[in-house]
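Structure file protein.txt with compact mmCIF, C-alpha atoms and all ligand atoms:
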# COMPACT_ATOMS: atom_id res chain seq x y z
CA MET A 1 80.77 86.39 232.01
CA SER A 2 84.37 85.18 231.67
CA LEU A 3 85.25 83.48 228.38
CA LEU A 4 86.65 80.55 230.35
CA ARG A 5 83.52 79.98 232.43
CA GLN A 6 81.66 77.90 229.86
CA PRO A 7 84.56 75.53 228.91
CA LEU A 8 85.47 75.03 232.56
CA LEU A 9 81.88 74.21 233.49
CA LEU A 10 81.71 71.75 230.57
CA LEU A 11 84.93 70.13 231.85
CA ALA A 12 83.33 69.85 235.30
CA ARG A 13 81.08 67.15 233.82
CA SER A 14 83.77 65.36 231.75
CA GLY A 15 84.47 61.85 232.99
CA GLN A 16 87.73 61.56 231.01
CA VAL A 17 89.27 64.79 232.29
CA LYS A 18 88.09 63.88 235.76
CA LYS A 19 90.02 60.58 235.55
CA LEU A 20 93.18 62.37 234.47
CA VAL A 21 92.99 65.18 237.00
CA SER A 22 91.80 63.14 239.96
CA THR A 23 95.11 61.30 240.23
CA MET A 24 96.45 64.44 241.89
CA PRO A 25 96.80 64.04 245.64
CA VAL A 26 94.35 66.25 247.53
CA SER A 27 97.26 68.04 249.14
CA ALA A 28 98.22 69.57 245.78
CA GLY A 29 98.21 73.36 246.19
CA ILE A 30 94.98 74.60 244.69
CA VAL A 31 92.86 71.61 245.76
CA ARG A 32 94.04 71.96 249.33
CA SER A 33 93.05 75.62 249.43
CA TYR A 34 89.40 74.70 248.77
CA VAL A 35 89.19 71.22 250.35
CA PRO A 36 90.73 70.72 253.82
CA GLY A 37 91.04 66.92 253.64
CA GLU A 38 89.75 63.55 252.53
CA THR A 39 88.49 61.84 255.68
CA ASN A 40 85.68 62.36 258.20
CA GLU A 41 88.36 63.01 260.84
CA SER A 42 89.91 65.80 258.76
CA ALA A 43 86.43 67.29 258.26
CA ALA A 44 85.79 67.24 262.01
CA ASP A 45 89.24 68.77 262.64
CA ALA A 46 88.55 71.58 260.14
CA THR A 47 85.17 72.15 261.81
CA ALA A 48 86.76 72.37 265.26
CA ALA A 49 89.32 74.93 264.01
CA LEU A 50 86.64 77.11 262.38
CA ALA A 51 84.35 76.84 265.42
CA GLU A 52 87.20 78.06 267.60
CA ASP A 53 87.26 81.22 265.50
CA GLY A 54 83.53 81.75 266.09
CA LEU A 55 82.47 80.44 262.68
CA LEU A 56 79.65 78.01 261.91
CA VAL A 57 80.13 75.17 259.43
CA THR A 58 78.19 73.10 256.93
CA LEU A 59 80.06 69.96 255.83
CA ASP A 60 79.76 68.55 252.32
CA PHE A 61 81.01 65.02 251.68
CA LEU A 62 82.10 65.50 248.07
CA GLY A 63 80.49 63.46 245.30
CA GLU A 64 77.80 63.93 242.70
CA ASP A 65 76.04 62.39 239.68
CA THR A 66 76.39 58.81 240.87
CA LEU A 67 74.74 55.98 238.91
CA ASP A 68 75.91 53.38 241.39
CA ALA A 69 73.59 52.42 244.28
CA GLU A 70 76.51 51.11 246.36
CA GLN A 71 78.33 54.41 246.03
CA ALA A 72 75.15 56.22 247.09
CA ASP A 73 74.97 53.96 250.16
CA ALA A 74 78.63 54.66 250.96
CA THR A 75 77.92 58.40 250.81
CA VAL A 76 75.00 58.02 253.21
CA ALA A 77 77.23 56.00 255.57
CA ALA A 78 79.89 58.72 255.42
CA TYR A 79 77.34 61.36 256.43
CA VAL A 80 76.00 59.23 259.28
CA ASP A 81 79.54 58.63 260.52
CA VAL A 82 80.66 62.25 260.32
CA LEU A 83 77.52 63.33 262.19
CA LYS A 84 78.41 60.87 264.96
CA GLN A 85 81.94 62.27 265.08
CA LEU A 86 80.67 65.85 265.26
CA SER A 87 78.34 64.87 268.08
CA ALA A 88 81.06 63.00 269.99
CA ARG A 89 83.32 66.06 269.75
CA GLY A 90 80.59 68.47 270.87
CA LEU A 91 80.55 70.23 267.50
CA THR A 92 76.92 69.93 266.41
CA ARG A 93 75.98 73.32 267.83
CA SER A 94 78.39 74.78 265.28
CA ALA A 95 78.05 72.40 262.36
CA GLU A 96 75.41 70.90 260.07
CA VAL A 97 75.73 69.01 256.75
CA SER A 98 74.98 69.86 253.13
CA VAL A 99 73.89 67.04 250.82
CA LYS A 100 73.73 66.73 247.03
CA LEU A 101 70.84 64.47 246.10
CA SER A 102 72.69 63.31 242.95
CA ALA A 103 75.34 61.82 245.27
CA ILE A 104 72.77 59.71 247.10
CA GLY A 105 70.91 58.20 244.17
CA GLN A 106 68.74 60.89 242.48
CA PHE A 107 69.97 59.82 239.01
CA LEU A 108 69.53 56.07 239.43
CA PRO A 109 67.30 54.89 236.56
CA GLU A 110 63.63 54.38 237.56
CA VAL A 111 64.22 54.47 241.33
CA GLY A 112 66.21 57.73 241.57
CA HIS A 113 63.64 59.95 243.23
CA LYS A 114 62.57 57.31 245.75
CA THR A 115 66.15 56.28 246.57
CA ALA A 116 67.32 59.86 247.07
CA LEU A 117 64.34 60.57 249.32
CA GLU A 118 64.94 57.47 251.48
CA ASN A 119 68.66 58.17 251.70
CA ALA A 120 68.08 61.82 252.56
CA ARG A 121 65.66 60.71 255.28
CA THR A 122 68.38 58.51 256.80
CA ILE A 123 70.80 61.46 256.87
CA CYS A 124 68.13 63.81 258.32
CA ARG A 125 67.39 61.28 261.08
CA ALA A 126 71.12 60.97 261.90
CA ALA A 127 71.43 64.77 261.93
CA ARG A 128 68.45 65.14 264.23
CA ASN A 129 69.87 62.49 266.61
CA ALA A 130 73.15 64.38 266.61
CA GLY A 131 71.34 67.65 267.36
CA THR A 132 71.80 69.36 264.02
CA THR A 133 70.32 69.88 260.55
CA VAL A 134 70.69 69.08 256.85
CA THR A 135 70.59 71.45 253.88
CA LEU A 136 69.90 70.04 250.40
CA ASP A 137 72.32 71.57 247.90
CA MET A 138 70.81 72.57 244.55
CA GLU A 139 72.31 71.21 241.35
CA ASP A 140 71.53 72.08 237.71
CA HIS A 141 68.05 73.21 236.66
CA THR A 142 67.00 69.74 235.44
CA THR A 143 66.97 68.66 239.10
CA THR A 144 65.19 71.67 240.66
CA ASP A 145 61.65 70.26 240.61
CA SER A 146 62.73 66.87 241.91
CA THR A 147 64.88 68.43 244.65
CA LEU A 148 62.11 70.77 245.81
CA SER A 149 59.63 67.93 245.81
CA ILE A 150 61.99 65.78 247.94
CA LEU A 151 62.44 68.81 250.22
CA ARG A 152 58.66 69.08 250.69
CA GLU A 153 58.46 65.36 251.57
CA LEU A 154 61.39 65.58 254.01
CA ARG A 155 60.02 68.69 255.70
CA LYS A 156 56.90 66.77 256.77
CA ASP A 157 59.09 64.86 259.25
CA PHE A 158 62.13 67.15 259.38
CA PRO A 159 60.85 70.73 258.96
CA GLU A 160 64.32 72.03 259.84
CA THR A 161 65.73 70.78 256.49
CA GLY A 162 67.25 73.63 254.49
CA ALA A 163 66.76 74.40 250.80
CA VAL A 164 69.01 76.14 248.27
CA LEU A 165 67.75 78.48 245.54
CA GLN A 166 69.85 79.89 242.69
CA ALA A 167 69.32 83.53 241.69
CA MET A 168 70.46 82.83 238.12
CA LEU A 169 67.29 80.86 237.35
CA HIS A 170 64.25 82.80 236.10
CA ARG A 171 61.95 80.79 238.37
CA THR A 172 63.80 81.57 241.61
CA GLU A 173 62.03 84.73 242.74
CA ALA A 174 58.75 82.78 242.70
CA ASP A 175 60.42 79.84 244.51
CA CYS A 176 61.65 82.31 247.17
CA ARG A 177 58.08 83.52 247.72
CA ALA A 178 56.89 79.94 248.13
CA LEU A 179 59.64 79.15 250.64
CA ALA A 180 59.72 82.38 252.67
CA HIS A 181 57.48 81.00 255.41
CA GLU A 182 58.09 80.53 259.10
CA GLY A 183 60.73 77.95 260.00
CA SER A 184 61.91 77.63 256.39
CA ARG A 185 65.70 77.70 256.05
CA VAL A 186 66.66 78.89 252.56
CA ARG A 187 70.18 79.38 251.24
CA LEU A 188 70.29 81.91 248.41
CA CYS A 189 73.27 81.61 246.03
CA LYS A 190 73.90 82.89 242.50
CA GLY A 191 74.14 79.40 240.95
CA ALA A 192 77.25 77.49 239.89
CA TYR A 193 76.07 75.50 236.85
CA LEU A 194 76.08 76.08 233.11
CA GLU A 195 72.44 76.85 232.31
CA PRO A 196 70.66 77.60 229.01
CA GLU A 197 69.15 81.03 228.37
CA ASP A 198 65.56 79.81 228.33
CA VAL A 199 65.82 79.06 232.06
CA ALA A 200 68.61 81.29 233.37
CA PHE A 201 69.97 84.84 233.23
CA GLN A 202 73.23 84.85 231.25
CA ASP A 203 74.43 88.32 232.10
CA ARG A 204 76.22 88.73 235.44
CA LEU A 205 74.36 91.99 236.11
CA ASP A 206 70.99 90.31 235.58
CA VAL A 207 72.00 87.54 238.00
CA ASP A 208 72.97 90.18 240.58
CA ARG A 209 69.67 92.04 240.11
CA SER A 210 67.78 88.79 240.58
CA TYR A 211 69.88 88.05 243.69
CA VAL A 212 68.79 91.38 245.21
CA ARG A 213 65.11 90.79 244.36
CA CYS A 214 65.31 87.34 245.97
CA LEU A 215 67.08 88.76 249.03
CA LYS A 216 64.21 91.21 249.49
CA VAL A 217 61.63 88.43 249.35
CA LEU A 218 63.53 86.22 251.80
CA LEU A 219 64.51 88.95 254.27
CA ALA A 220 61.01 90.47 254.27
CA GLY A 221 59.52 86.99 254.77
CA GLU A 222 59.09 84.81 257.83
CA GLY A 223 61.80 82.23 257.15
CA TYR A 224 65.50 81.96 257.97
CA PRO A 225 67.56 83.29 255.01
CA MET A 226 71.09 81.95 254.50
CA ILE A 227 72.90 84.50 252.36
CA ALA A 228 75.57 82.57 250.42
CA THR A 229 77.87 84.86 248.48
CA HIS A 230 81.43 86.22 248.46
CA ASP A 231 80.37 89.26 246.52
CA PRO A 232 81.15 92.37 248.63
CA ARG A 233 78.25 94.28 247.01
CA MET A 234 75.72 91.55 247.78
CA VAL A 235 76.97 91.31 251.39
CA GLU A 236 76.56 95.06 251.81
CA ILE A 237 73.09 95.11 250.22
CA ALA A 238 72.01 92.13 252.33
CA SER A 239 73.18 93.87 255.51
CA SER A 240 71.23 97.03 254.78
CA LEU A 241 68.13 95.10 253.68
CA ALA A 242 68.33 93.07 256.89
CA SER A 243 68.17 96.25 258.97
CA ARG A 244 65.47 97.75 256.74
CA TYR A 245 63.29 94.69 257.40
CA GLY A 246 64.03 94.73 261.13
CA ARG A 247 66.12 91.56 261.09
CA THR A 248 68.54 91.12 263.99
CA PRO A 249 71.69 88.93 263.77
CA GLY A 250 70.56 85.38 264.49
CA THR A 251 67.42 85.65 262.37
CA TYR A 252 69.51 85.10 259.19
CA GLU A 253 73.08 84.12 258.42
CA PHE A 254 75.85 84.67 255.89
CA GLN A 255 77.59 81.74 254.23
CA MET A 256 80.85 81.47 252.27
CA LEU A 257 82.94 78.62 250.91
CA TYR A 258 85.99 77.24 252.71
CA GLY A 259 89.13 79.05 251.55
CA ILE A 260 87.34 81.95 249.86
CA ARG A 261 87.66 85.40 251.51
CA PRO A 262 88.54 83.92 254.94
CA GLU A 263 89.35 87.38 256.39
CA GLU A 264 85.89 88.61 255.40
CA GLN A 265 84.37 85.51 257.06
CA ARG A 266 86.11 86.43 260.32
CA ARG A 267 85.26 90.13 259.98
CA LEU A 268 81.54 89.38 259.68
CA ALA A 269 81.62 86.91 262.59
CA GLY A 270 83.59 89.48 264.63
CA LYS A 271 80.84 92.05 264.23
CA GLY A 272 78.25 89.64 265.57
CA GLU A 273 76.85 88.16 262.36
CA ARG A 274 76.21 84.44 262.10
CA MET A 275 78.76 83.31 259.51
CA ARG A 276 78.74 79.74 258.22
CA VAL A 277 81.57 78.21 256.18
CA TYR A 278 80.75 75.50 253.64
CA VAL A 279 83.47 72.88 254.04
CA PRO A 280 83.74 70.26 251.27
CA TYR A 281 85.87 67.21 251.96
CA GLY A 282 86.62 63.79 250.47
CA THR A 283 88.32 62.45 247.37
CA GLU A 284 85.63 63.42 244.84
CA TRP A 285 86.72 67.04 244.58
CA TYR A 286 86.96 67.29 240.78
CA GLY A 287 83.52 68.78 239.87
CA TYR A 288 83.59 71.11 242.88
CA LEU A 289 87.05 72.41 242.01
CA MET A 290 86.14 72.98 238.34
CA ARG A 291 83.13 75.10 239.37
CA ARG A 292 85.36 77.19 241.66
CA LEU A 293 87.90 77.67 238.83
CA ALA A 294 85.07 78.71 236.49
CA GLU A 295 84.18 81.47 238.97
CA ARG A 296 87.78 82.56 239.29
CA PRO A 297 89.76 81.68 236.15
CA GLN A 298 92.73 83.70 237.56
CA ASN A 299 93.35 80.59 239.71
CA LEU A 300 93.72 78.38 236.64
CA SER A 301 97.47 79.00 236.37
CA PHE A 302 98.02 77.73 239.96
CA PHE A 303 95.97 74.67 239.09
CA VAL A 304 97.91 73.90 235.90
CA ARG A 305 101.18 74.36 237.79
CA SER A 306 100.14 71.88 240.48
CA LEU A 307 99.16 69.38 237.75
CA ILE A 308 102.53 69.73 236.01
CA SER A 309 104.59 69.59 239.21
CA LYS A 310 102.98 66.22 240.01
CA LYS A 311 104.51 64.60 236.92
C1 LIG B 1 77.85 78.48 251.24
C2 LIG B 1 77.65 78.32 249.78
C3 LIG B 1 76.89 77.27 249.30
C4 LIG B 1 76.64 77.14 247.94
N1 LIG B 1 75.79 76.15 247.49
C5 LIG B 1 75.47 76.10 246.19
C6 LIG B 1 74.49 75.19 245.71
O1 LIG B 1 73.90 74.41 246.44
N2 LIG B 1 74.22 75.22 244.37
C7 LIG B 1 74.83 76.08 243.51
O2 LIG B 1 74.52 76.07 242.31
N3 LIG B 1 75.80 76.92 243.94
C8 LIG B 1 76.12 76.96 245.25
N4 LIG B 1 77.06 77.86 245.67
C9 LIG B 1 77.92 78.56 244.68
C10 LIG B 1 77.28 79.84 244.20
O3 LIG B 1 76.14 79.55 243.42
C11 LIG B 1 78.28 80.65 243.37
O4 LIG B 1 78.65 79.90 242.25
C12 LIG B 1 79.52 81.07 244.11
O5 LIG B 1 79.24 81.40 245.44
C13 LIG B 1 80.13 82.31 243.46
O6 LIG B 1 79.20 83.37 243.47
P1 LIG B 1 79.38 84.67 244.39
O7 LIG B 1 78.03 85.02 244.91
O8 LIG B 1 80.39 84.41 245.41
O9 LIG B 1 79.76 85.83 243.42
P2 LIG B 1 80.72 85.96 242.16
O10 LIG B 1 79.98 86.91 241.26
O11 LIG B 1 81.21 84.67 241.60
O12 LIG B 1 81.97 86.68 242.80
C14 LIG B 1 81.87 87.95 243.39
C15 LIG B 1 83.17 88.31 244.08
O13 LIG B 1 83.48 87.38 245.11
C16 LIG B 1 84.89 87.15 245.18
N5 LIG B 1 85.18 85.74 244.82
C17 LIG B 1 84.35 84.88 244.19
N6 LIG B 1 84.94 83.65 244.02
C18 LIG B 1 86.17 83.77 244.55
C19 LIG B 1 87.28 82.86 244.69
N7 LIG B 1 87.23 81.59 244.24
N8 LIG B 1 88.39 83.31 245.30
C20 LIG B 1 88.46 84.59 245.76
N9 LIG B 1 87.45 85.49 245.65
C21 LIG B 1 86.33 85.10 245.06
C22 LIG B 1 85.49 88.11 244.20
O14 LIG B 1 85.73 89.34 244.86
C23 LIG B 1 84.38 88.28 243.18
O15 LIG B 1 84.50 89.46 242.43
C24 LIG B 1 77.26 78.05 247.03
C25 LIG B 1 78.02 79.11 247.51
C26 LIG B 1 78.21 79.27 248.85
C27 LIG B 1 79.02 80.44 249.32
Can you turn what I pasted into structure tokens?
Amino acid sequence: MSLLRQPLLLLARSGQVKKLVSTMPVSAGIVRSYVPGETNESAADATAALAEDGLLVTLDFLGEDTLDAEQADATVAAYVDVLKQLSARGLTRSAEVSVKLSAIGQFLPEVGHKTALENARTICRAARNAGTTVTLDMEDHTTTDSTLSILRELRKDFPETGAVLQAMLHRTEADCRALAHEGSRVRLCKGAYLEPEDVAFQDRLDVDRSYVRCLKVLLAGEGYPMIATHDPRMVEIASSLASRYGRTPGTYEFQMLYGIRPEEQRRLAGKGERMRVYVPYGTEWYGYLMRRLAERPQNLSFFVRSLISKK
């Protein structure tokens, strides 16, 4: 793994650096390439543009780790509003939403689990009314059990709710087996957080091997796998496993992040694959951006330049 990955992921959780960096306007070069805008309108506009190119979308209203119930409520309201806007613009066939439970109250002392569940229920109801779905993002390993337990609760009323599993965690192959049942939407990603070695593979090759084992479980299973990676090797392996297991396009999908390998996104959509773009928006882009820089430290120099040019 890159030498810069660990310090960058530590910075992703630093409140002080966040304060300093977040004064940058979202239009600053590197931020803009990963985050199309700050408002619900800009998110709906970005969705419309991607949908025109035959791409599907999942919208993420940026924010995480809140300890403030009012902020959690504001995040829920933003999701409800953007779902209404998507519906009014006829975009819910193309777009769903992704939600981080830590942004809607999971870390509130004592009442975190209950609050996140109730808030997630409100968003799921709004999504269902708008004719679309919700996927629960997965955060660091300390939240996995709580997130999967909230998922189980939500799926009693909203079985269409999607889950995310991270191949870097040792537990994930078993979690894939548990979730590879009919109707179960599961996004498989490598994992974006700094994790200790007692719970996670540290070597990139081991993460990739785990990703392939998990792909096999999900593609051989009865559920709906959502293959989230920019890695050309993983995309190729997923495609050949999909045909080996008799999967036709439409019984699984690929997913990539906004601004990353956009030509590949269009190439896959052009050959008839379902291709969904994860579109983060809002002002709380700091943690998201730091995780993207940790994956691609080559981009750090652009980032530093945009910080300096602001002053
Ligand atoms: C749709 C989606 C949703 C996600 N949701 C979650 C989640 O809920 N929880 C979570 O922990 N993580 C999530 N992630 C992030 C994921 O865990 C990885 O951190 C991230 O996708 C990088 O891993 P990778 O599979 O792309 O492969 P990597 O091994 O990071 O990269 C492989 C190759 O992809 C290309 N590439 C990667 N990053 C870039 C870049 N920034 N710019 C240009 N090329 C690049 C390069 O060719 C690189 O060699 C999500 C990712 C996607 C695509």
Practice task
Could you tell me which of A:Glu173, A:Glu295, A:Glu160, A:Glu70 comes closest to Leu136 (chain A) if we count all atoms listed in the file?
Solution key: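 Counting all atoms listed in the file, the residue closest to Leu136 (chain A) is A:Glu160.
Distance check against Ala178 (chain A) using only C-alpha atoms: of A:Leu218, A:Val35, A:Leu67, A:Leu241, the minimum falls on A:Leu218.
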Exercise for the section: Return as a list in words every polymer residue, whether protein, DNA or RNA, with at least one atom no more than 6 Å from an atom of ligand LIG 1 (chain B); count only C-alpha atoms and all ligand atoms. Expected result: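 For ligand LIG 1 (chain B), the residues inside 6 Å are Asp137, Met138, Glu139, Val164, Cys189, Lys190, Gly191, Ala192, Tyr193, Ala228, Thr229, His230, Asp231, Gln255, Met256, Leu257, Ile260, Arg261, Tyr278, Arg292, Glu295 and Arg296 of chain A.
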Problem - Exercise: Gln265 (chain A) partners within 10 Å, only C-alpha atoms, chain neighbours under 5 positions left out, as a ChimeraX atom specification - result: /A:53-55,230,254-260,270,273-277
Selection from above, C-alpha atoms, as an mmCIF file, keeping the file's coordinate frame, can you write it?
data_model
loop_
_atom_site.group_PDB
_atom_site.id
_atom_site.type_symbol
_atom_site.label_atom_id
_atom_site.label_comp_id
_atom_site.auth_asym_id
_atom_site.auth_seq_id
_atom_site.Cartn_x
_atom_site.Cartn_y
_atom_site.Cartn_z
ATOM 1 C CA ASP A 53 87.260 81.220 265.500
ATOM 2 C CA GLY A 54 83.530 81.750 266.090
ATOM 3 C CA LEU A 55 82.470 80.440 262.680
ATOM 4 C CA HIS A 230 81.430 86.220 248.460
ATOM 5 C CA PHE A 254 75.850 84.670 255.890
ATOM 6 C CA GLN A 255 77.590 81.740 254.230
ATOM 7 C CA MET A 256 80.850 81.470 252.270
ATOM 8 C CA LEU A 257 82.940 78.620 250.910
ATOM 9 C CA TYR A 258 85.990 77.240 252.710
ATOM 10 C CA GLY A 259 89.130 79.050 251.550
ATOM 11 C CA ILE A 260 87.340 81.950 249.860
ATOM 12 C CA GLY A 270 83.590 89.480 264.630
ATOM 13 C CA GLU A 273 76.850 88.160 262.360
ATOM 14 C CA ARG A 274 76.210 84.440 262.100
ATOM 15 C CA MET A 275 78.760 83.310 259.510
ATOM 16 C CA ARG A 276 78.740 79.740 258.220
ATOM 17 C CA VAL A 277 81.570 78.210 256.180
#
Practice task
Can you work out which one of A:Asn40, A:Pro159, A:Gly223, A:Leu194 has the shortest atom-to-atom distance to Ala294 (chain A), counting all atoms listed in the file?
Solution key: A:Leu194
Could you give me the axis-aligned bounding box of region 61-67 of chain A, with 3 Å of padding per side, as centre plus edge lengths in Å to one decimal, as AutoDock Vina command-line options?
--center_x 78.4 --center_y 60.7 --center_z 245.3 --size_x 13.4 --size_y 15.5 --size_z 18.8
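You will find CA of Trp285 (chain A) at 9.1 Å from CA of Tyr34 (chain A).
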Determine, counting only C-alpha atoms, which protein, DNA and RNA residues have an atom within 8 Å of an atom of region 103-116 of chain A; residues of the same chain fewer than 4 positions away are not included. Present the result as a short mmCIF file (atom, residue, chain, number, x, y, z; two decimals) with C-alpha atoms, keeping the file's coordinate frame.
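The file below, around.cif, is the result:
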data_model
loop_
_atom_site.label_atom_id
_atom_site.label_comp_id
_atom_site.auth_asym_id
_atom_site.auth_seq_id
_atom_site.Cartn_x
_atom_site.Cartn_y
_atom_site.Cartn_z
CA GLY A 63 80.49 63.46 245.30
CA GLU A 64 77.80 63.93 242.70
CA ASP A 65 76.04 62.39 239.68
CA THR A 66 76.39 58.81 240.87
CA LEU A 67 74.74 55.98 238.91
CA ASP A 68 75.91 53.38 241.39
CA ALA A 69 73.59 52.42 244.28
CA GLN A 71 78.33 54.41 246.03
CA ALA A 72 75.15 56.22 247.09
CA ASP A 73 74.97 53.96 250.16
CA THR A 75 77.92 58.40 250.81
CA VAL A 76 75.00 58.02 253.21
CA VAL A 99 73.89 67.04 250.82
CA ALA A 120 68.08 61.82 252.56
CA SER A 146 62.73 66.87 241.91
CA ILE A 150 61.99 65.78 247.94
#
Fill in the blank from the handout: Among A:Pro196, A:Gly272, A:Pro262, A:Gly90, Thr47 (chain A) is approached most closely, using all atoms listed in the file, by A:Gly90
Problem - Nearest to Glu38 (chain A), chosen from A:Val279, A:Ser240, A:Ser210, A:His181, with all atoms listed in the file counted in the distances - result: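 Looking only at the distances to Glu38 (chain A), the closest residue turns out to be A:Val279.
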Exercise for the section: Grab the CA of Met168 (chain A) to CA of Thr133 (chain A) distance for me, in Å with one decimal place. Expected result: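 Atom-to-atom, CA of Met168 (chain A) and CA of Thr133 (chain A) are spaced 25.9 Å apart.
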Excluding Glu284 (chain A) and residues on its chain fewer than 2 positions from it, collect all residues at most 9 Å away from it, counting all atoms listed in the file, and give them as an mmCIF file with C-alpha atoms, in the coordinates of the input.
data_model
loop_
_atom_site.group_PDB
_atom_site.id
_atom_site.type_symbol
_atom_site.label_atom_id
_atom_site.label_comp_id
_atom_site.auth_asym_id
_atom_site.auth_seq_id
_atom_site.Cartn_x
_atom_site.Cartn_y
_atom_site.Cartn_z
ATOM 1 C CA SER A 22 91.800 63.140 239.960
ATOM 2 C CA GLU A 38 89.750 63.550 252.530
ATOM 3 C CA PHE A 61 81.010 65.020 251.680
ATOM 4 C CA LEU A 62 82.100 65.500 248.070
ATOM 5 C CA GLY A 63 80.490 63.460 245.300
ATOM 6 C CA GLU A 64 77.800 63.930 242.700
ATOM 7 C CA TYR A 281 85.870 67.210 251.960
ATOM 8 C CA GLY A 282 86.620 63.790 250.470
ATOM 9 C CA TYR A 286 86.960 67.290 240.780
ATOM 10 C CA GLY A 287 83.520 68.780 239.870
ATOM 11 C CA TYR A 288 83.590 71.110 242.880
#
Exercise for the section: Tell me which of A:Asn119, A:Ser87, A:Gln202, A:Thr172 sits closest to Leu188 (chain A), counting all atoms listed in the file. Expected result: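 Among the listed residues, A:Thr172 lies closest to Leu188 (chain A).
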Practice task
Find the distance between CA of Glu236 (chain A) and CA of Asn299 (chain A) and write it in Å to one decimal.
Solution key: 25.3 Å
